[in-house]
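Here is the structure we will look at, set down as structure tokens.
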Amino acid sequence: PYISSYTMGFHHGKHYAAYVAKANDLLKASPLAGRPIEEIIRETAGKDDQAALFNAVAQAWNHAFFWKCLRPGPGAKPTGKLAGLIAEQFGNFETFQEKFLEAGKSLFGSGWVWLGLDTGKLKIVTTSNAGTPLTNGQKPLLVIDVWEHSYYLDHQNRRPDYLKAIMEHLVNWEFVASNL
């Protein structure tokens, strides 16, 4: 009830599939073909002559990571080491959640809201377009896609409602914790 099958079919079957196809097509003629996707992202980031490859590969990676951050079922909260880090750095889960949702709501245009690990500390960051914390030496733990195609069919211009629905009902905290 939080993301319709129509939205998921469109998002996964059209947008994500197009990024993967474009990345695979561009990699055919690239010396980076066959290298790990994270390495390709780091190698092409910020290089004007590699912008098309970076955008396709980073968007494919960001989406694949996003799918892993989701799971069906009743809402949950982080546990264990992750819960401890959140409490230590944000005071409690509710404060973390507020800051994460505010970051996603405040991002101008299209992009991503991330929870990452930066030199041992949790950090909430936003990236525009195909941006990813991988290019800044951070370790992604959680991401929510805030491109309009991820929510507009179900939520129209209500990005905050979409973000809240994911955070309260769909985050795969086990996957997030495994990224620590």
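For the structure tokens, the naming scheme is as follows: chains receive sequential letters (A, B, ...) according to their order of presentation, residues are indexed from 1 within each chain, and ligands are indexed from 1 in presentation order.
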Taking the chain letters and numbering used in this document, name the residues of chain A that DSSP puts in strand (DSSP E), as JSON, numbers by chain.
{"A": [111, 112, 113, 114, 115, 116, 117, 118, 121, 122, 123, 124, 125, 126, 127, 128, 139, 140, 141, 142, 143, 144, 145]}
Store the residues picked out above in a file with N, CA and C atoms, as a PDB file, in the first residue's frame.
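Contents of result_14.pdb, as written:
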```
ATOM      1  N   GLY A 111      17.123  13.471  -6.958  1.00  0.00           N
ATOM      2  CA  GLY A 111      18.324  12.902  -6.367  1.00  0.00           C
ATOM      3  C   GLY A 111      18.020  11.821  -5.349  1.00  0.00           C
ATOM      4  N   TRP A 112      18.827  11.806  -4.303  1.00  0.00           N
ATOM      5  CA  TRP A 112      18.857  10.712  -3.337  1.00  0.00           C
ATOM      6  C   TRP A 112      19.130  11.263  -1.950  1.00  0.00           C
ATOM      7  N   VAL A 113      18.554  10.627  -0.931  1.00  0.00           N
ATOM      8  CA  VAL A 113      18.901  10.935   0.450  1.00  0.00           C
ATOM      9  C   VAL A 113      19.520   9.670   1.040  1.00  0.00           C
ATOM     10  N   TRP A 114      20.679   9.827   1.648  1.00  0.00           N
ATOM     11  CA  TRP A 114      21.515   8.713   2.093  1.00  0.00           C
ATOM     12  C   TRP A 114      21.807   8.785   3.588  1.00  0.00           C
ATOM     13  N   LEU A 115      21.975   7.621   4.181  1.00  0.00           N
ATOM     14  CA  LEU A 115      22.661   7.487   5.457  1.00  0.00           C
ATOM     15  C   LEU A 115      23.951   6.780   5.112  1.00  0.00           C
ATOM     16  N   GLY A 116      25.053   7.402   5.459  1.00  0.00           N
ATOM     17  CA  GLY A 116      26.343   6.810   5.145  1.00  0.00           C
ATOM     18  C   GLY A 116      27.253   6.808   6.348  1.00  0.00           C
ATOM     19  N   LEU A 117      28.362   6.156   6.162  1.00  0.00           N
ATOM     20  CA  LEU A 117      29.395   6.100   7.186  1.00  0.00           C
ATOM     21  C   LEU A 117      30.586   6.880   6.648  1.00  0.00           C
ATOM     22  N   ASP A 118      31.014   7.883   7.402  1.00  0.00           N
ATOM     23  CA  ASP A 118      32.120   8.741   6.990  1.00  0.00           C
ATOM     24  C   ASP A 118      33.113   8.804   8.141  1.00  0.00           C
ATOM     25  N   LYS A 121      31.673   7.735  11.449  1.00  0.00           N
ATOM     26  CA  LYS A 121      30.497   8.459  11.931  1.00  0.00           C
ATOM     27  C   LYS A 121      29.363   8.348  10.924  1.00  0.00           C
ATOM     28  N   LEU A 122      28.141   8.234  11.424  1.00  0.00           N
ATOM     29  CA  LEU A 122      26.971   8.254  10.559  1.00  0.00           C
ATOM     30  C   LEU A 122      26.764   9.664  10.036  1.00  0.00           C
ATOM     31  N   LYS A 123      26.364   9.739   8.787  1.00  0.00           N
ATOM     32  CA  LYS A 123      26.168  11.051   8.173  1.00  0.00           C
ATOM     33  C   LYS A 123      24.980  10.967   7.228  1.00  0.00           C
ATOM     34  N   ILE A 124      24.094  11.936   7.302  1.00  0.00           N
ATOM     35  CA  ILE A 124      22.979  12.050   6.368  1.00  0.00           C
ATOM     36  C   ILE A 124      23.426  13.003   5.266  1.00  0.00           C
ATOM     37  N   VAL A 125      23.353  12.546   4.030  1.00  0.00           N
ATOM     38  CA  VAL A 125      23.745  13.383   2.896  1.00  0.00           C
ATOM     39  C   VAL A 125      22.710  13.255   1.793  1.00  0.00           C
ATOM     40  N   THR A 126      22.646  14.276   0.968  1.00  0.00           N
ATOM     41  CA  THR A 126      21.823  14.210  -0.232  1.00  0.00           C
ATOM     42  C   THR A 126      22.745  14.354  -1.431  1.00  0.00           C
ATOM     43  N   THR A 127      22.348  13.717  -2.518  1.00  0.00           N
ATOM     44  CA  THR A 127      23.079  13.870  -3.771  1.00  0.00           C
ATOM     45  C   THR A 127      22.063  14.155  -4.868  1.00  0.00           C
ATOM     46  N   SER A 128      22.472  14.942  -5.813  1.00  0.00           N
ATOM     47  CA  SER A 128      21.616  15.251  -6.948  1.00  0.00           C
ATOM     48  C   SER A 128      21.929  14.310  -8.098  1.00  0.00           C
ATOM     49  N   LYS A 139      30.794   5.369   2.916  1.00  0.00           N
ATOM     50  CA  LYS A 139      30.187   4.047   2.739  1.00  0.00           C
ATOM     51  C   LYS A 139      28.675   4.188   2.851  1.00  0.00           C
ATOM     52  N   PRO A 140      27.955   3.961   1.755  1.00  0.00           N
ATOM     53  CA  PRO A 140      26.489   4.031   1.825  1.00  0.00           C
ATOM     54  C   PRO A 140      25.909   2.917   2.692  1.00  0.00           C
ATOM     55  N   LEU A 141      24.930   3.282   3.522  1.00  0.00           N
ATOM     56  CA  LEU A 141      24.231   2.305   4.360  1.00  0.00           C
ATOM     57  C   LEU A 141      22.764   2.197   3.956  1.00  0.00           C
ATOM     58  N   LEU A 142      22.138   3.335   3.649  1.00  0.00           N
ATOM     59  CA  LEU A 142      20.712   3.418   3.330  1.00  0.00           C
ATOM     60  C   LEU A 142      20.521   4.511   2.301  1.00  0.00           C
ATOM     61  N   VAL A 143      19.596   4.299   1.379  1.00  0.00           N
ATOM     62  CA  VAL A 143      19.233   5.362   0.447  1.00  0.00           C
ATOM     63  C   VAL A 143      17.739   5.306   0.159  1.00  0.00           C
ATOM     64  N   ILE A 144      17.170   6.482  -0.069  1.00  0.00           N
ATOM     65  CA  ILE A 144      15.816   6.584  -0.604  1.00  0.00           C
ATOM     66  C   ILE A 144      15.896   7.451  -1.856  1.00  0.00           C
ATOM     67  N   ASP A 145      15.338   6.945  -2.911  1.00  0.00           N
ATOM     68  CA  ASP A 145      15.276   7.634  -4.199  1.00  0.00           C
ATOM     69  C   ASP A 145      14.259   8.764  -4.092  1.00  0.00           C
TER      70      ASP A 145
END
```
Run DSSP on the backbone and give me the residues of range 50-106 of chain A it puts in alpha helix (DSSP H), as a tab-separated table (two decimals) with N, CA and C atoms, in the first residue's frame.
```
chain	number	residue	atom	x	y	z
A	51	ALA	N	31.01	11.52	-18.53
A	51	ALA	CA	29.75	11.86	-17.86
A	51	ALA	C	28.63	10.89	-18.21
A	52	ALA	N	28.48	10.53	-19.46
A	52	ALA	CA	27.39	9.62	-19.84
A	52	ALA	C	27.56	8.26	-19.17
A	53	LEU	N	28.79	7.75	-19.15
A	53	LEU	CA	29.03	6.46	-18.51
A	53	LEU	C	28.81	6.57	-17.00
A	54	PHE	N	29.33	7.62	-16.39
A	54	PHE	CA	29.11	7.80	-14.95
A	54	PHE	C	27.63	7.84	-14.62
A	55	ASN	N	26.88	8.67	-15.34
A	55	ASN	CA	25.45	8.80	-15.05
A	55	ASN	C	24.72	7.47	-15.17
A	56	ALA	N	24.98	6.72	-16.21
A	56	ALA	CA	24.29	5.44	-16.41
A	56	ALA	C	24.69	4.42	-15.34
A	57	VAL	N	25.97	4.29	-15.10
A	57	VAL	CA	26.46	3.29	-14.14
A	57	VAL	C	26.06	3.67	-12.71
A	58	ALA	N	26.23	4.93	-12.36
A	58	ALA	CA	25.89	5.36	-10.99
A	58	ALA	C	24.39	5.25	-10.75
A	59	GLN	N	23.58	5.60	-11.74
A	59	GLN	CA	22.13	5.45	-11.56
A	59	GLN	C	21.74	3.98	-11.44
A	60	ALA	N	22.36	3.12	-12.22
A	60	ALA	CA	22.08	1.68	-12.09
A	60	ALA	C	22.47	1.20	-10.69
A	61	TRP	N	23.64	1.60	-10.20
A	61	TRP	CA	24.09	1.18	-8.87
A	61	TRP	C	23.18	1.76	-7.79
A	62	ASN	N	22.87	3.06	-7.88
A	62	ASN	CA	22.02	3.69	-6.87
A	62	ASN	C	20.67	2.97	-6.78
A	63	HIS	N	20.09	2.67	-7.92
A	63	HIS	CA	18.79	1.99	-7.92
A	63	HIS	C	18.90	0.58	-7.34
A	64	ALA	N	19.91	-0.16	-7.75
A	64	ALA	CA	20.09	-1.53	-7.23
A	64	ALA	C	20.25	-1.49	-5.70
A	65	PHE	N	20.98	-0.50	-5.21
A	65	PHE	CA	21.16	-0.34	-3.77
A	65	PHE	C	19.83	0.02	-3.11
A	66	PHE	N	19.08	0.92	-3.74
A	66	PHE	CA	17.77	1.32	-3.22
A	66	PHE	C	16.84	0.12	-3.08
A	67	TRP	N	16.79	-0.76	-4.10
A	67	TRP	CA	15.90	-1.93	-4.01
A	67	TRP	C	16.25	-2.77	-2.80
A	68	LYS	N	17.54	-2.90	-2.49
A	68	LYS	CA	17.96	-3.70	-1.33
A	68	LYS	C	17.59	-3.04	0.00
A	80	GLY	N	20.66	-3.45	17.38
A	80	GLY	CA	22.07	-3.76	17.52
A	80	GLY	C	23.00	-2.56	17.37
A	81	LYS	N	24.14	-2.81	16.73
A	81	LYS	CA	25.17	-1.79	16.57
A	81	LYS	C	24.64	-0.55	15.85
A	82	LEU	N	23.83	-0.76	14.81
A	82	LEU	CA	23.28	0.37	14.07
A	82	LEU	C	22.40	1.23	14.97
A	83	ALA	N	21.53	0.62	15.75
A	83	ALA	CA	20.67	1.37	16.67
A	83	ALA	C	21.52	2.16	17.67
A	84	GLY	N	22.59	1.54	18.13
A	84	GLY	CA	23.48	2.22	19.07
A	84	GLY	C	24.16	3.43	18.45
A	85	LEU	N	24.63	3.30	17.22
A	85	LEU	CA	25.26	4.43	16.53
A	85	LEU	C	24.27	5.56	16.28
A	86	ILE	N	23.06	5.19	15.90
A	86	ILE	CA	22.03	6.21	15.67
A	86	ILE	C	21.73	6.95	16.97
A	87	ALA	N	21.57	6.22	18.06
A	87	ALA	CA	21.30	6.87	19.36
A	87	ALA	C	22.48	7.74	19.79
A	88	GLU	N	23.68	7.26	19.58
A	88	GLU	CA	24.88	8.00	19.97
A	88	GLU	C	25.03	9.29	19.17
A	89	GLN	N	24.75	9.24	17.89
A	89	GLN	CA	25.00	10.40	17.04
A	89	GLN	C	23.81	11.33	16.83
A	90	PHE	N	22.60	10.80	17.00
A	90	PHE	CA	21.41	11.63	16.77
A	90	PHE	C	20.55	11.80	18.02
A	93	PHE	N	16.27	7.40	17.69
A	93	PHE	CA	15.83	7.06	16.33
A	93	PHE	C	14.88	8.11	15.77
A	94	GLU	N	14.01	8.64	16.60
A	94	GLU	CA	13.03	9.62	16.14
A	94	GLU	C	13.72	10.89	15.62
A	95	THR	N	14.75	11.34	16.30
A	95	THR	CA	15.50	12.52	15.85
A	95	THR	C	16.22	12.21	14.55
A	96	PHE	N	16.85	11.03	14.46
A	96	PHE	CA	17.47	10.63	13.20
A	96	PHE	C	16.45	10.66	12.07
A	97	GLN	N	15.31	10.05	12.32
A	97	GLN	CA	14.26	9.95	11.31
A	97	GLN	C	13.83	11.35	10.85
A	98	GLU	N	13.62	12.26	11.78
A	98	GLU	CA	13.24	13.63	11.44
A	98	GLU	C	14.29	14.29	10.54
A	99	LYS	N	15.57	14.13	10.90
A	99	LYS	CA	16.65	14.76	10.13
A	99	LYS	C	16.79	14.13	8.75
A	100	PHE	N	16.61	12.82	8.69
A	100	PHE	CA	16.71	12.12	7.40
A	100	PHE	C	15.57	12.56	6.49
A	101	LEU	N	14.35	12.59	7.03
A	101	LEU	CA	13.19	13.00	6.24
A	101	LEU	C	13.31	14.46	5.81
A	102	GLU	N	13.78	15.31	6.68
A	102	GLU	CA	13.96	16.73	6.33
A	102	GLU	C	14.98	16.88	5.22
A	103	ALA	N	16.05	16.12	5.26
A	103	ALA	CA	17.06	16.17	4.19
A	103	ALA	C	16.43	15.78	2.85
A	104	GLY	N	15.64	14.72	2.85
A	104	GLY	CA	14.98	14.29	1.63
A	104	GLY	C	13.96	15.28	1.12
A	105	LYS	N	13.21	15.89	2.04
A	105	LYS	CA	12.21	16.89	1.65
A	105	LYS	C	12.88	18.15	1.11
A	106	SER	N	14.03	18.50	1.65
A	106	SER	CA	14.69	19.75	1.31
A	106	SER	C	15.53	19.68	0.04
```
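The list of residues with at least one atom within 10 Å of Ile40 in chain A, based on only C-alpha atoms and without residues fewer than 3 positions apart in the same chain, reads A:Leu27, A:Leu32, A:Ala33, A:Gly34, A:Arg35, A:Pro36, A:Ile37, A:Glu43, A:Thr44, A:Ala45, A:Leu53, A:Phe54, A:Val57, A:Ala58.
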Given the selection you just returned, output its residues as a file containing N, CA, C and O atoms, formatted as an mmCIF file, in the first residue's frame.
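Saved file again_6.cif follows:
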```
data_model
loop_
_atom_site.group_PDB
_atom_site.id
_atom_site.type_symbol
_atom_site.label_atom_id
_atom_site.label_comp_id
_atom_site.auth_asym_id
_atom_site.auth_seq_id
_atom_site.Cartn_x
_atom_site.Cartn_y
_atom_site.Cartn_z
ATOM 1 N N LEU A 27 29.575 0.494 -21.755
ATOM 2 C CA LEU A 27 30.731 -0.271 -21.287
ATOM 3 C C LEU A 27 31.319 -1.172 -22.370
ATOM 4 O O LEU A 27 32.497 -1.529 -22.290
ATOM 5 N N LEU A 32 36.964 0.184 -19.150
ATOM 6 C CA LEU A 32 36.508 -0.125 -17.793
ATOM 7 C C LEU A 32 35.591 -1.347 -17.749
ATOM 8 O O LEU A 32 35.232 -1.806 -16.663
ATOM 9 N N ALA A 33 35.229 -1.872 -18.906
ATOM 10 C CA ALA A 33 34.343 -3.041 -18.957
ATOM 11 C C ALA A 33 34.928 -4.182 -18.139
ATOM 12 O O ALA A 33 36.131 -4.436 -18.163
ATOM 13 N N GLY A 34 34.056 -4.831 -17.384
ATOM 14 C CA GLY A 34 34.476 -5.981 -16.579
ATOM 15 C C GLY A 34 34.981 -5.611 -15.197
ATOM 16 O O GLY A 34 35.218 -6.498 -14.379
ATOM 17 N N ARG A 35 35.158 -4.351 -14.922
ATOM 18 C CA ARG A 35 35.614 -3.931 -13.596
ATOM 19 C C ARG A 35 34.411 -3.808 -12.660
ATOM 20 O O ARG A 35 33.286 -3.629 -13.107
ATOM 21 N N PRO A 36 34.633 -3.870 -11.366
ATOM 22 C CA PRO A 36 33.522 -3.722 -10.417
ATOM 23 C C PRO A 36 32.826 -2.377 -10.604
ATOM 24 O O PRO A 36 33.468 -1.352 -10.863
ATOM 25 N N ILE A 37 31.508 -2.391 -10.447
ATOM 26 C CA ILE A 37 30.712 -1.191 -10.701
ATOM 27 C C ILE A 37 31.133 -0.022 -9.811
ATOM 28 O O ILE A 37 31.181 1.127 -10.267
ATOM 29 N N GLU A 43 36.044 5.892 -10.929
ATOM 30 C CA GLU A 43 36.935 6.256 -12.047
ATOM 31 C C GLU A 43 36.330 7.298 -12.977
ATOM 32 O O GLU A 43 37.062 8.046 -13.623
ATOM 33 N N THR A 44 35.011 7.341 -13.092
ATOM 34 C CA THR A 44 34.367 8.240 -14.049
ATOM 35 C C THR A 44 33.789 9.504 -13.423
ATOM 36 O O THR A 44 33.483 10.454 -14.137
ATOM 37 N N ALA A 45 33.674 9.536 -12.114
ATOM 38 C CA ALA A 45 33.071 10.687 -11.423
ATOM 39 C C ALA A 45 33.849 11.966 -11.706
ATOM 40 O O ALA A 45 35.077 11.998 -11.618
ATOM 41 N N LEU A 53 28.785 7.751 -19.150
ATOM 42 C CA LEU A 53 29.032 6.459 -18.509
ATOM 43 C C LEU A 53 28.806 6.569 -17.005
ATOM 44 O O LEU A 53 28.148 5.713 -16.412
ATOM 45 N N PHE A 54 29.333 7.624 -16.387
ATOM 46 C CA PHE A 54 29.114 7.803 -14.945
ATOM 47 C C PHE A 54 27.627 7.839 -14.625
ATOM 48 O O PHE A 54 27.172 7.138 -13.720
ATOM 49 N N VAL A 57 25.974 4.294 -15.102
ATOM 50 C CA VAL A 57 26.461 3.287 -14.141
ATOM 51 C C VAL A 57 26.063 3.671 -12.712
ATOM 52 O O VAL A 57 25.602 2.823 -11.945
ATOM 53 N N ALA A 58 26.234 4.934 -12.356
ATOM 54 C CA ALA A 58 25.891 5.358 -10.992
ATOM 55 C C ALA A 58 24.391 5.246 -10.749
ATOM 56 O O ALA A 58 23.969 4.805 -9.668
#
```
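With CA of Tyr2 in chain A on one side and CA of Ala165 in chain A on the other, the separation reads 6.0 Å.
Atom pair CA of Tyr162 in chain A / CA of Thr135 in chain A: separated by 26.7 Å.
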